[in-house]
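Undergrad: Have a look at the structure that comes next, please.
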Amino acid sequence: MDVETAIRTRRTHKAFGPEALSREQIEALLELARWAPNHHLTAPWRFRVVGPRALTRLKEAAGEEGAAKLDRAPTLIVVSCALGADPVQNEEDLHATAVASYIVLLGAHARGLAGYWRTPALLRSTAGRAAVDLPDDERFVGLLHLGWARQEKDPPERPPVEQATSYLD
């Protein structure tokens, strides 16, 4: 699949089959993420693949309603960004981590997988952070849900490019 096709056809999926990704599939996607552009090659992203015990801890921290959302996908990856003392570098690193997250989603899509990027408040809470060993010097960026789609999705309408574009003299 070429890049343009991947970008135009990737969808957010919330219904997945039960089969989890293999360790090899996950590692291939995370290896792709290493190629995200990042200032000074800091590689600030941190990926935590949620295993059964961590998932149990997250569900306990989430409560009944939040726990159900964690069961949507068979593979969950917590994405965070390592922070330092320089606020400018931290901002650049946060953006790089977001790009690395999107690379994981595009790579998954190119392999026929489905994905969903969430930012649940749970992973900004003390209990949620503790459930996945997220230290204070890392900023939560996203929770990636990955697996096999149970349905096809049509593309949503997008605003015209002119809405977000201006040419400056």
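Numbering starts fresh at 1 for the residues of each chain in the structure tokens, the chains themselves are lettered A, B, ... in the order given, and ligands are numbered from 1 as they appear.
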Just the strand (DSSP E) stuff from stretch 23-82 of chain A, please, per backbone DSSP, written as a VMD selection string.

TA: chain A and resid 45 to 49 75 to 82

Undergrad: Residues near A:Ala43, anyone? I mean within 10 Å using only C-alpha atoms, not counting same-chain ones fewer than 6 positions away, as a JSON list (two decimals) with C-alpha atoms, in the first residue's frame.

TA:
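So part_23.json came out as:
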[["chain", "number", "residue", "atom", "x", "y", "z"],
["A", 33, "ALA", "CA", 7.72, 4.50, 14.82],
["A", 34, "ARG", "CA", 11.46, 4.97, 15.44],
["A", 35, "TRP", "CA", 11.57, 6.78, 12.10],
["A", 36, "ALA", "CA", 9.36, 9.65, 13.23],
["A", 37, "PRO", "CA", 11.08, 12.99, 12.82],
["A", 81, "CYS", "CA", 6.69, 11.15, 25.95],
["A", 82, "ALA", "CA", 9.78, 11.47, 28.13],
["A", 93, "ASP", "CA", 9.21, 15.92, 21.69],
["A", 96, "ALA", "CA", 7.36, 13.88, 17.61],
["A", 97, "THR", "CA", 5.66, 11.35, 19.89],
["A", 100, "ALA", "CA", 5.33, 8.23, 16.06]]

Undergrad: For each of A:Val141, A:Leu58, A:Glu19, A:Ala164, take the minimum atom-to-atom distance to A:Thr126, counting only C-alpha atoms, then give the residue where this is smallest.

TA: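 Closest to A:Thr126 of all the choices is A:Leu58.
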
Undergrad: In Å, rounded to a single decimal, give me how far atom CA of A:Gly17 is from atom CA of A:Ala114.

TA: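 If I compute the distance from atom CA of A:Ala114 to atom CA of A:Gly17, I get 9.7 Å.
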
Undergrad: DSSP on the backbone: what in chain A comes out helix (DSSP H, G or I), as a count of residues only?

TA: 78

Undergrad: When distances are computed from only C-alpha atoms, which of A:Phe16, A:Tyr116, A:Trp148, A:Phe140 shows the smallest separation from A:Arg48?

TA: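 Smallest distance to A:Arg48 is found for A:Phe140.
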
Undergrad: Tell me, counting only C-alpha atoms, for each residue of stretch 21-47 of chain A within 12 Å of stretch 62-76 of chain A, which pair of atoms is nearest and how far apart they are in Å to one decimal, in rows ordered by chain and increasing number, as JSON lines.

TA:
{"residue": "A:Leu21", "atom": "CA", "partner": "A:Thr75", "partner_atom": "CA", "distance": 6.3}
{"residue": "A:Ser22", "atom": "CA", "partner": "A:Thr75", "partner_atom": "CA", "distance": 9.1}
{"residue": "A:Arg23", "atom": "CA", "partner": "A:Thr75", "partner_atom": "CA", "distance": 10.2}
{"residue": "A:Gln25", "atom": "CA", "partner": "A:Thr75", "partner_atom": "CA", "distance": 10.8}
{"residue": "A:Ile26", "atom": "CA", "partner": "A:Thr75", "partner_atom": "CA", "distance": 9.0}
{"residue": "A:Phe47", "atom": "CA", "partner": "A:Leu76", "partner_atom": "CA", "distance": 10.0}

Undergrad: For each of A:Pro135, A:Pro160, A:Gly147, A:Pro155, take the minimum atom-to-atom distance to A:Leu83, counting only C-alpha atoms, then give the residue where this is smallest.

TA: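 Using only C-alpha atoms, A:Leu83 sits closest to A:Pro135.
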
Undergrad: Any idea what the distance is between atom CA of A:Gly115 and atom CA of A:Asp137?

TA: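 Atom CA of A:Asp137 lies at a distance of 27.0 Å from atom CA of A:Gly115.
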
Undergrad: Record the distance separating atom CA of A:Gly142 and atom CA of A:Val79, expressed in Å with one decimal.

TA: 5.1 Å

Undergrad: Give the answer as one residue: which of A:Thr5, A:Ser80, A:Ser125, A:Thr12 has the shortest atom-to-atom distance to A:His95, using only C-alpha atoms?

TA: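 Closest to A:His95 of all the choices is A:Ser80.
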
Undergrad: I need the residue nearest A:Gly51 from this list: A:Val132, A:Leu122, A:Glu91, A:Lys14. Use only C-alpha atoms for the distance.

TA: A:Val132
